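Student: Input: one structure, supplied below.
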Amino acid sequence: MERPLLVYTTFPDEASALNIGEALVRDRLVACVNVLAGMKSVYAWKGAVERSNEVSAILKSREGLKDALFAAVKTRHPYETPILLALPVDEVDPGTLAWILEETQAPPTG
């Protein structure tokens, strides 16, 4: 059985996180997006140290949709290079896994 996948990403504001998150849910690439507002970031970008207010998001999906999910986020995201970290899940409650699999599309077969 396919395993769940969590993807961590950030957005410049809550509106873009929610809008892109909703599009990903509607496209059945994710079952849920958790948007966590109020994050302060310090990061290196193009040789400089930057500070900004950001919003983090956790996307709940399945491993077989990782490539399609990454592509969809990159297409919609306002950042030149959005952070996309795939976090494998070692254990999952059977009910949670069933919900994720039911609410996301089956990955394309090769």
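Ordering of the structure tokens sets the chain letters (A, B, ...), residue numbers begin anew at 1 in every chain, and ligands are numbered from 1 in the order given.
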Stretch 69-79 of chain A: which residues within 9 Å, counting only C-alpha atoms, same-chain residues fewer than 4 positions away excluded, as a PyMOL selection string?

Tutor: chain A and resi 7+11-12+16-17+20-21+24+29-30+61+65+83-84

Student: Using the selection just defined, write its residues with C-alpha atoms as an mmCIF file, in the first residue's frame.

Tutor:
data_model
loop_
_atom_site.group_PDB
_atom_site.id
_atom_site.type_symbol
_atom_site.label_atom_id
_atom_site.label_comp_id
_atom_site.auth_asym_id
_atom_site.auth_seq_id
_atom_site.Cartn_x
_atom_site.Cartn_y
_atom_site.Cartn_z
ATOM 1 C CA VAL A 7 5.618 18.289 2.371
ATOM 2 C CA PHE A 11 4.687 31.346 1.519
ATOM 3 C CA PRO A 12 5.009 35.134 1.724
ATOM 4 C CA SER A 16 -1.264 32.898 -1.079
ATOM 5 C CA ALA A 17 -0.838 29.845 1.172
ATOM 6 C CA ILE A 20 -2.599 27.642 -3.433
ATOM 7 C CA GLY A 21 -3.520 25.126 -0.744
ATOM 8 C CA LEU A 24 -3.998 21.630 -4.451
ATOM 9 C CA LEU A 29 -2.871 16.408 -5.010
ATOM 10 C CA VAL A 30 -3.232 16.825 -1.238
ATOM 11 C CA SER A 61 -0.370 13.731 0.420
ATOM 12 C CA LEU A 65 2.136 12.236 -6.036
ATOM 13 C CA ILE A 83 11.187 25.566 -0.486
ATOM 14 C CA LEU A 84 9.803 22.059 -0.917
#

Student: Using DSSP assignments from the backbone, pull out every residue in stretch 8-85 of chain A that falls under strand (DSSP E) and give it to me as a short mmCIF file (atom, residue, chain, number, x, y, z; two decimals) with N, CA, C and O atoms, in the first residue's frame.

Tutor:
data_model
loop_
_atom_site.label_atom_id
_atom_site.label_comp_id
_atom_site.auth_asym_id
_atom_site.auth_seq_id
_atom_site.Cartn_x
_atom_site.Cartn_y
_atom_site.Cartn_z
N TYR A 8 6.74 20.11 3.47
CA TYR A 8 6.86 21.40 4.16
C TYR A 8 7.21 22.46 3.13
O TYR A 8 8.08 22.25 2.27
N THR A 9 6.53 23.60 3.20
CA THR A 9 6.84 24.71 2.32
C THR A 9 6.51 26.02 3.05
O THR A 9 5.93 26.00 4.13
N THR A 10 6.92 27.13 2.46
CA THR A 10 6.62 28.44 3.02
C THR A 10 6.03 29.34 1.94
O THR A 10 6.22 29.11 0.75
N PHE A 11 5.32 30.37 2.41
CA PHE A 11 4.69 31.35 1.52
C PHE A 11 4.92 32.75 2.08
O PHE A 11 5.15 32.91 3.28
N CYS A 32 -5.03 17.69 2.59
CA CYS A 32 -5.15 18.78 3.56
C CYS A 32 -3.91 19.65 3.49
O CYS A 32 -2.82 19.16 3.19
N VAL A 33 -4.09 20.92 3.79
CA VAL A 33 -2.98 21.85 3.94
C VAL A 33 -3.15 22.56 5.28
O VAL A 33 -4.19 23.16 5.53
N ASN A 34 -2.14 22.47 6.13
CA ASN A 34 -2.14 23.21 7.39
C ASN A 34 -1.32 24.47 7.18
O ASN A 34 -0.14 24.39 6.84
N VAL A 35 -1.93 25.63 7.38
CA VAL A 35 -1.26 26.92 7.20
C VAL A 35 -0.99 27.50 8.58
O VAL A 35 -1.91 27.68 9.38
N LEU A 36 0.28 27.78 8.85
CA LEU A 36 0.72 28.29 10.15
C LEU A 36 1.26 29.70 9.95
O LEU A 36 2.37 29.89 9.46
N ALA A 37 0.49 30.68 10.33
CA ALA A 37 0.85 32.08 10.11
C ALA A 37 1.75 32.60 11.23
O ALA A 37 1.88 31.98 12.28
N GLY A 38 2.36 33.75 10.97
CA GLY A 38 3.12 34.45 12.01
C GLY A 38 4.57 34.01 12.14
O GLY A 38 5.20 34.28 13.15
N MET A 39 5.12 33.37 11.13
CA MET A 39 6.50 32.90 11.20
C MET A 39 7.45 34.02 10.77
O MET A 39 7.18 34.76 9.83
N LYS A 40 8.55 34.14 11.48
CA LYS A 40 9.62 35.07 11.11
C LYS A 40 10.79 34.24 10.59
O LYS A 40 11.17 33.26 11.20
N SER A 41 11.32 34.63 9.45
CA SER A 41 12.40 33.86 8.84
C SER A 41 13.66 34.70 8.67
O SER A 41 13.59 35.89 8.36
N VAL A 42 14.80 34.08 8.88
CA VAL A 42 16.11 34.63 8.57
C VAL A 42 16.78 33.59 7.68
O VAL A 42 16.88 32.42 8.05
N TYR A 43 17.22 34.00 6.48
CA TYR A 43 17.71 33.03 5.53
C TYR A 43 18.75 33.65 4.60
O TYR A 43 18.79 34.87 4.41
N ALA A 44 19.57 32.80 4.04
CA ALA A 44 20.55 33.22 3.04
C ALA A 44 19.89 33.14 1.67
O ALA A 44 19.25 32.15 1.34
N TRP A 45 20.04 34.21 0.88
CA TRP A 45 19.48 34.22 -0.47
C TRP A 45 20.37 35.06 -1.37
O TRP A 45 20.56 36.26 -1.15
N ALA A 48 23.17 37.13 0.33
CA ALA A 48 22.81 38.08 1.39
C ALA A 48 21.99 37.36 2.45
O ALA A 48 21.37 36.34 2.19
N VAL A 49 22.00 37.94 3.64
CA VAL A 49 21.15 37.43 4.72
C VAL A 49 19.89 38.28 4.74
O VAL A 49 19.95 39.51 4.80
N GLU A 50 18.76 37.62 4.63
CA GLU A 50 17.46 38.29 4.54
C GLU A 50 16.61 37.98 5.76
O GLU A 50 16.79 36.95 6.41
N ARG A 51 15.65 38.86 6.04
CA ARG A 51 14.63 38.63 7.07
C ARG A 51 13.28 38.90 6.44
O ARG A 51 13.13 39.84 5.65
N SER A 52 12.30 38.09 6.81
CA SER A 52 10.95 38.35 6.32
C SER A 52 9.92 37.67 7.20
O SER A 52 10.24 36.76 7.97
N ASN A 53 8.70 38.13 7.07
CA ASN A 53 7.56 37.45 7.67
C ASN A 53 7.07 36.45 6.64
O ASN A 53 6.93 36.78 5.46
N GLU A 54 6.84 35.24 7.08
CA GLU A 54 6.38 34.20 6.17
C GLU A 54 5.28 33.39 6.84
O GLU A 54 4.97 33.57 8.02
N VAL A 55 4.72 32.49 6.06
CA VAL A 55 3.71 31.54 6.53
C VAL A 55 4.23 30.16 6.15
O VAL A 55 4.66 29.95 5.02
N SER A 56 4.23 29.25 7.09
CA SER A 56 4.63 27.89 6.75
C SER A 56 3.39 27.05 6.48
O SER A 56 2.29 27.36 6.96
N ALA A 57 3.57 26.01 5.70
CA ALA A 57 2.45 25.12 5.38
C ALA A 57 2.95 23.68 5.35
O ALA A 57 4.06 23.40 4.91
N ILE A 58 2.10 22.80 5.83
CA ILE A 58 2.35 21.37 5.77
C ILE A 58 1.29 20.76 4.87
O ILE A 58 0.09 20.92 5.11
N LEU A 59 1.74 20.10 3.81
CA LEU A 59 0.85 19.49 2.84
C LEU A 59 0.79 17.99 3.10
O LEU A 59 1.84 17.34 3.22
N LYS A 60 -0.41 17.43 3.18
CA LYS A 60 -0.58 16.00 3.45
C LYS A 60 -1.00 15.31 2.16
O LYS A 60 -2.05 15.60 1.60
N SER A 61 -0.13 14.39 1.70
CA SER A 61 -0.37 13.73 0.42
C SER A 61 0.09 12.28 0.49
O SER A 61 0.19 11.71 1.58
N ARG A 62 0.39 11.73 -0.68
CA ARG A 62 0.91 10.36 -0.78
C ARG A 62 2.19 10.38 -1.60
O ARG A 62 2.38 11.24 -2.47
N LEU A 85 10.20 20.52 0.89
CA LEU A 85 10.87 19.44 1.60
C LEU A 85 9.90 18.28 1.78
O LEU A 85 8.88 18.42 2.45
#

Student: Report, in Å to a single decimal, how far apart atom CA of A:Glu22 and atom CA of A:Thr81 are.

Tutor: 20.5 Å

Student: Rank A:Ala15, A:Ala31, A:Arg3, A:Gly64 by their smallest atom-to-atom distance to A:Ala106, using only C-alpha atoms, and report the top residue only.

Tutor: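 Of all the options, A:Gly64 lies closest to A:Ala106.
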
Student: Considering only C-alpha atoms, can you say which of A:Asp90, A:Glu80, A:Glu102, A:Glu2 comes closest to A:Lys46?

Tutor: A:Glu80

Student: Pull the helix (DSSP H, G or I) assignments for stretch 70-102 of chain A out of DSSP run on the backbone, and list those residues as an mmCIF file with N, CA and C atoms, in the first residue's frame.

Tutor:
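And here's states17.cif as it stands now:
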data_model
loop_
_atom_site.group_PDB
_atom_site.id
_atom_site.type_symbol
_atom_site.label_atom_id
_atom_site.label_comp_id
_atom_site.auth_asym_id
_atom_site.auth_seq_id
_atom_site.Cartn_x
_atom_site.Cartn_y
_atom_site.Cartn_z
ATOM 1 N N PHE A 70 5.043 18.708 -6.352
ATOM 2 C CA PHE A 70 6.124 19.691 -6.444
ATOM 3 C C PHE A 70 5.929 20.577 -7.674
ATOM 4 N N ALA A 71 5.609 19.984 -8.808
ATOM 5 C CA ALA A 71 5.414 20.760 -10.043
ATOM 6 C C ALA A 71 4.251 21.729 -9.904
ATOM 7 N N ALA A 72 3.160 21.297 -9.302
ATOM 8 C CA ALA A 72 1.987 22.160 -9.127
ATOM 9 C C ALA A 72 2.294 23.324 -8.195
ATOM 10 N N VAL A 73 3.028 23.070 -7.123
ATOM 11 C CA VAL A 73 3.390 24.158 -6.204
ATOM 12 C C VAL A 73 4.299 25.151 -6.923
ATOM 13 N N LYS A 74 5.310 24.666 -7.636
ATOM 14 C CA LYS A 74 6.238 25.563 -8.339
ATOM 15 C C LYS A 74 5.522 26.422 -9.372
ATOM 16 N N THR A 75 4.545 25.867 -10.061
ATOM 17 C CA THR A 75 3.801 26.622 -11.076
ATOM 18 C C THR A 75 3.011 27.762 -10.459
ATOM 19 N N ARG A 76 2.446 27.541 -9.289
ATOM 20 C CA ARG A 76 1.562 28.524 -8.660
ATOM 21 C C ARG A 76 2.263 29.465 -7.684
ATOM 22 N N PRO A 94 -4.026 3.795 10.637
ATOM 23 C CA PRO A 94 -4.723 3.276 9.455
ATOM 24 C C PRO A 94 -5.872 4.173 8.980
ATOM 25 N N GLY A 95 -6.593 4.784 9.893
ATOM 26 C CA GLY A 95 -7.675 5.684 9.502
ATOM 27 C C GLY A 95 -7.161 6.933 8.803
ATOM 28 N N THR A 96 -6.043 7.462 9.281
ATOM 29 C CA THR A 96 -5.437 8.631 8.643
ATOM 30 C C THR A 96 -4.959 8.288 7.244
ATOM 31 N N LEU A 97 -4.316 7.145 7.100
ATOM 32 C CA LEU A 97 -3.844 6.721 5.784
ATOM 33 C C LEU A 97 -5.009 6.527 4.822
ATOM 34 N N ALA A 98 -6.067 5.878 5.282
ATOM 35 C CA ALA A 98 -7.243 5.668 4.421
ATOM 36 C C ALA A 98 -7.821 6.995 3.957
ATOM 37 N N TRP A 99 -7.891 7.975 4.853
ATOM 38 C CA TRP A 99 -8.426 9.300 4.505
ATOM 39 C C TRP A 99 -7.551 9.982 3.450
ATOM 40 N N ILE A 100 -6.225 9.964 3.644
ATOM 41 C CA ILE A 100 -5.321 10.591 2.675
ATOM 42 C C ILE A 100 -5.461 9.926 1.307
ATOM 43 N N LEU A 101 -5.475 8.604 1.282
ATOM 44 C CA LEU A 101 -5.582 7.889 0.008
ATOM 45 C C LEU A 101 -6.930 8.132 -0.666
ATOM 46 N N GLU A 102 -7.989 8.233 0.125
ATOM 47 C CA GLU A 102 -9.328 8.472 -0.436
ATOM 48 C C GLU A 102 -9.468 9.873 -1.018
#

Student: Just how far from atom CA of A:Ala68 is atom CA of A:Arg26, in Å to one decimal?

Tutor: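 If I compute the distance from atom CA of A:Arg26 to atom CA of A:Ala68, I get 13.9 Å.
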
Student: At what distance in Å, to one decimal, does atom CA of A:Pro107 lie from atom CA of A:Leu18?

Tutor: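 About the pair atom CA of A:Leu18 and atom CA of A:Pro107: they are 23.6 Å apart.
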